[in-house]
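Source file protein39.cif; content: mmCIF, C-alpha atoms.
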```
data_structure
#
loop_
_atom_site.label_atom_id
_atom_site.label_comp_id
_atom_site.auth_asym_id
_atom_site.auth_seq_id
_atom_site.Cartn_x
_atom_site.Cartn_y
_atom_site.Cartn_z
CA MET A 2 195.52 108.42 79.25
CA SER A 3 195.73 109.38 82.90
CA ASP A 4 195.02 112.89 84.20
CA GLN A 5 196.47 114.71 87.21
CA TYR A 6 193.91 113.26 89.64
CA GLY A 7 194.77 109.69 88.87
CA GLY A 8 192.54 107.35 87.02
CA GLY A 9 191.39 107.22 83.47
CA SER A 10 190.09 109.96 81.28
CA ALA A 11 187.11 112.06 82.23
CA ASP A 12 184.88 109.98 79.94
CA GLU A 13 185.71 106.76 81.78
CA ARG A 14 185.06 107.75 85.41
CA PRO A 15 182.06 109.42 87.03
CA GLY A 16 182.74 113.05 87.77
CA PRO A 17 181.02 115.48 90.07
CA TYR A 18 178.70 116.63 87.27
CA GLN A 19 178.21 113.32 85.59
CA GLY A 20 176.80 111.35 88.50
CA SER A 21 176.86 107.58 88.58
CA TYR A 22 175.48 107.40 85.05
CA GLY A 23 178.27 109.46 83.49
CA SER A 24 178.67 109.57 79.76
CA SER A 25 178.58 105.83 79.24
CA GLY A 26 175.11 106.03 77.73
CA GLN A 27 173.24 104.74 80.76
CA GLN A 28 169.92 106.41 81.50
CA PRO A 29 168.76 107.31 85.01
CA PRO A 30 165.85 105.30 86.39
CA PRO A 31 162.35 106.66 85.66
CA GLN A 32 161.03 109.28 88.03
CA GLN A 33 159.00 107.77 90.86
CA THR A 34 155.83 109.54 91.99
CA PRO A 35 154.25 109.07 95.40
CA TYR A 36 150.79 108.93 93.78
CA GLY A 37 151.71 106.13 91.43
CA GLY A 38 151.20 108.16 88.24
CA GLN A 39 153.13 110.35 85.93
CA PRO A 40 154.34 113.74 87.10
CA GLY A 41 151.38 116.09 87.31
CA PRO A 42 150.78 119.48 85.77
CA TYR A 43 152.88 121.12 88.46
CA GLY A 44 155.92 119.08 87.45
CA GLY A 45 158.18 117.29 89.87
CA ALA A 46 157.56 113.95 91.48
CA PHE A 47 154.46 114.87 93.45
CA GLY A 48 151.84 114.60 90.75
CA GLU A 49 148.58 116.48 91.20
CA ASN A 50 148.11 119.24 93.72
CA PRO A 51 146.21 117.57 96.59
CA TYR A 52 144.50 120.85 97.47
CA SER A 53 143.24 121.61 93.98
CA SER A 54 139.90 119.90 94.60
CA LEU A 55 139.09 121.97 97.69
CA PRO A 56 136.67 124.80 97.00
CA GLY A 57 138.08 128.29 97.26
CA PRO A 58 136.44 130.99 99.31
CA ALA A 59 133.05 131.66 97.80
CA ALA A 60 131.94 135.20 97.17
CA ALA A 61 129.71 136.77 99.78
CA PRO A 62 126.00 136.33 99.12
CA GLN A 63 124.00 139.37 98.10
CA GLN A 64 122.38 139.50 101.56
CA VAL A 65 125.78 140.01 103.22
CA LYS A 66 126.76 142.73 100.76
CA ILE A 67 123.50 144.63 101.29
CA ALA A 68 123.65 144.29 105.09
CA SER A 69 127.26 145.46 105.10
CA THR A 70 126.35 148.51 103.02
CA ILE A 71 123.38 149.42 105.23
CA SER A 72 125.45 149.02 108.38
CA LEU A 73 128.28 151.12 106.97
CA ALA A 74 125.80 153.85 105.96
CA LEU A 75 124.25 153.89 109.44
CA GLY A 76 127.74 154.13 110.95
CA ALA A 77 128.61 157.03 108.65
CA LEU A 78 125.40 158.82 109.67
CA CYS A 79 126.35 158.35 113.32
CA VAL A 80 129.78 159.85 112.65
CA LEU A 81 128.15 162.85 110.94
CA LEU A 82 125.78 163.31 113.87
CA GLY A 83 128.75 163.18 116.23
CA LEU A 84 130.54 165.85 114.20
CA PHE A 85 127.45 168.06 114.22
CA THR A 86 127.23 167.60 117.98
CA LEU A 87 130.73 169.03 118.30
CA THR A 88 129.64 172.26 116.56
CA SER A 89 127.52 175.06 117.95
CA ALA A 90 124.43 172.94 117.29
CA GLY A 91 125.60 170.43 119.91
CA SER A 92 123.51 171.88 122.71
CA GLU A 93 120.32 171.62 120.65
CA ILE A 94 121.16 168.07 119.56
CA ALA A 95 121.87 167.07 123.17
CA ASN A 96 118.61 168.71 124.25
CA VAL A 97 116.59 166.79 121.61
CA LEU A 98 118.23 163.44 122.42
CA THR A 99 118.43 163.66 126.22
CA GLY A 100 116.38 166.64 127.31
CA ASP A 101 119.52 168.23 128.82
CA PRO A 102 121.47 170.76 126.70
CA SER A 103 124.57 170.32 128.88
CA ALA A 104 124.85 166.55 128.11
CA LYS A 105 126.86 167.25 124.98
CA GLY A 106 129.85 165.10 126.08
CA MET A 107 127.70 162.10 126.91
CA VAL A 108 125.88 162.35 123.57
CA VAL A 109 129.19 162.42 121.67
CA ALA A 110 130.42 159.35 123.60
CA VAL A 111 127.22 157.39 122.90
CA ILE A 112 127.32 158.37 119.22
CA LEU A 113 130.96 157.24 118.99
CA ILE A 114 130.13 153.84 120.52
CA THR A 115 127.11 153.50 118.22
CA SER A 116 129.13 154.32 115.12
CA VAL A 117 131.71 151.67 116.05
CA ALA A 118 128.85 149.17 116.60
CA TYR A 119 127.73 149.75 113.00
CA ILE A 120 131.07 150.19 111.20
CA LEU A 121 133.01 147.31 112.78
CA PRO A 122 130.65 144.51 111.69
CA ALA A 123 130.16 146.21 108.31
CA ILE A 124 133.87 145.82 107.63
CA PHE A 125 134.25 142.27 108.93
CA LEU A 126 131.04 140.81 107.49
CA ARG A 127 132.61 140.54 104.05
CA LYS A 128 135.69 138.92 105.59
CA ARG A 129 133.42 136.11 106.79
CA ARG A 130 133.87 136.68 110.50
CA ARG A 131 131.11 134.94 112.44
CA TRP A 132 131.37 137.36 115.35
CA ALA A 133 130.54 140.24 112.99
CA ARG A 134 127.29 138.53 111.97
CA THR A 135 126.40 137.94 115.63
CA MET A 136 127.26 141.53 116.52
CA LEU A 137 125.11 142.88 113.69
CA ILE A 138 122.19 140.68 114.76
CA VAL A 139 122.45 142.10 118.30
CA VAL A 140 122.74 145.69 117.01
CA ALA A 141 119.73 145.17 114.73
CA ALA A 142 117.68 143.69 117.58
CA LEU A 143 118.56 146.65 119.82
CA GLY A 144 117.68 149.03 116.98
CA ILE A 145 114.30 147.34 116.57
CA ALA A 146 113.64 147.56 120.32
CA GLY A 147 114.60 151.23 120.32
CA GLY A 148 112.52 151.87 117.22
CA ILE A 149 109.42 150.34 118.77
CA THR A 150 109.72 152.58 121.83
CA ALA A 151 110.04 155.68 119.66
CA LEU A 152 107.14 155.06 117.27
CA PRO A 153 105.88 156.76 115.09
CA ALA A 154 108.98 158.92 114.61
CA SER A 155 111.29 155.96 114.09
CA ILE A 156 109.63 154.15 111.21
CA LEU A 157 112.70 154.48 108.93
CA GLY A 158 115.10 153.26 111.63
CA LEU A 159 112.78 150.41 112.46
CA ALA A 160 112.63 149.40 108.80
CA LEU A 161 116.43 149.55 108.39
CA HIS A 162 117.09 147.50 111.51
CA GLY A 163 114.38 145.00 110.56
CA THR A 164 116.01 144.65 107.15
CA LEU A 165 119.43 144.05 108.74
CA LEU A 166 118.02 141.37 111.01
CA TYR A 167 116.14 139.72 108.13
CA LEU A 168 119.26 139.67 105.92
CA MET A 169 121.45 138.20 108.65
CA LEU A 170 118.99 135.39 109.40
CA GLN A 171 118.40 134.22 105.82
CA GLU A 172 119.60 130.75 104.82
CA PRO A 173 122.29 131.81 102.26
CA THR A 174 123.85 134.06 104.90
CA LYS A 175 123.82 131.30 107.51
CA ARG A 176 125.41 128.79 105.12
CA TRP A 177 128.08 131.24 103.99
CA PHE A 178 129.17 131.98 107.56
CA GLN A 179 129.25 128.26 108.41
CA GLY A 180 131.74 127.58 105.60
CA PRO A 181 135.53 127.87 105.86
CA ARG A 182 137.05 131.30 106.18
#
```
Transcribe the structure of this file into structure tokens.
Amino acid sequence: MSDQYGGGSADERPGPYQGSYGSSGQQPPPQQTPYGGQPGPYGGAFGENPYSSLPGPAAAPQQVKIASTISLALGALCVLLGLFTLTSAGSEIANVLTGDPSAKGMVVAVILITSVAYILPAIFLRKRRRWARTMLIVVAALGIAGGITALPASILGLALHGTLLYLMLQEPTKRWFQGPR
């Protein structure tokens, strides 16, 4: 029986939805995989995920977490000191830090820069940015140098900066920052 498009019945000729294997009982050829095996767990013809064996980003070592927390706390203390400097106690704070009660603006600017120097690496340490580790090492070294010049009043600051430097130079920290981001 012929239909309006010419040719035999729909069962006898390949149609747009039947492909070249139609309904004649022929099976399509087996699925070929580029890796020479059966289709993998992800389905399709590509077999296994080639990136599945790569290690994912490892969690930050404890040293990085502690250093980040200390640095963030020091930055927060700097912000608080800057806010206190903007109050009526600013002249006394400026006088204690510089010996000049009218240097309030300079003290606020230095405190702002210092707070950024602590907070910025604290945020980016856990994101595995190598520059943040380097920046924190420099900040810790400057803190140690400043602490030595201000002894005995700066024992706590000296201890905190020494701890930061120690944590950033430990082997697990070095290895973690050398890995992929």
Name the residues that the PyMOL selection byres ((chain A and resi 94) around 12) picks from the file above, as a count of residues only, using the file's chain letters and numbers.
28
Å distance separating atom CA of A:Ala74 from atom CA of A:Ile149, one decimal place:
21.1 Å
Please evaluate the PyMOL selection byres ((chain A and resi 63-73) around 6) against the displayed coordinates and give the resulting residues as a PyMOL selection string.
chain A and resi 62+74-76+119-120+123+165+168
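Nearest to A:Arg131 of all the residues A:Leu81, A:Gln171, A:Gln179, A:Ala59 is A:Gln179, based on only C-alpha atoms.
We find atom CA of A:Ala133 and atom CA of A:Phe178 to be spaced 10.0 Å apart.
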Taking the file as shown, what set of residues would the PyMOL selection byres ((chain A and resi 163) around 12) give back, as a ChimeraX atom specification?
/A:68,71-72,137-149,155-162,164-170
For a test of reading the model, state the distance in Å between atom CA of A:Ala118 and atom CA of A:Leu152, rounded to one decimal.
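Atom CA of A:Ala118 sits 22.5 Å away from atom CA of A:Leu152.
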Let me make sure I understand: among A:Ala61, A:Thr174, A:Ala154, A:Val80, which one has the smallest atom-to-atom distance to A:Thr115 if we use all atoms listed in the file?
A:Val80
Each side padded by 6 Å, which centre and which edge lengths in Å (one decimal) define the axis-aligned box around the listed atoms of stretch 145-151 of chain A? Give them as lines of an AutoDock Vina configuration file.
```
center_x = 112.0
center_y = 151.5
center_z = 119.2
size_x = 17.2
size_y = 20.3
size_z = 17.3
```
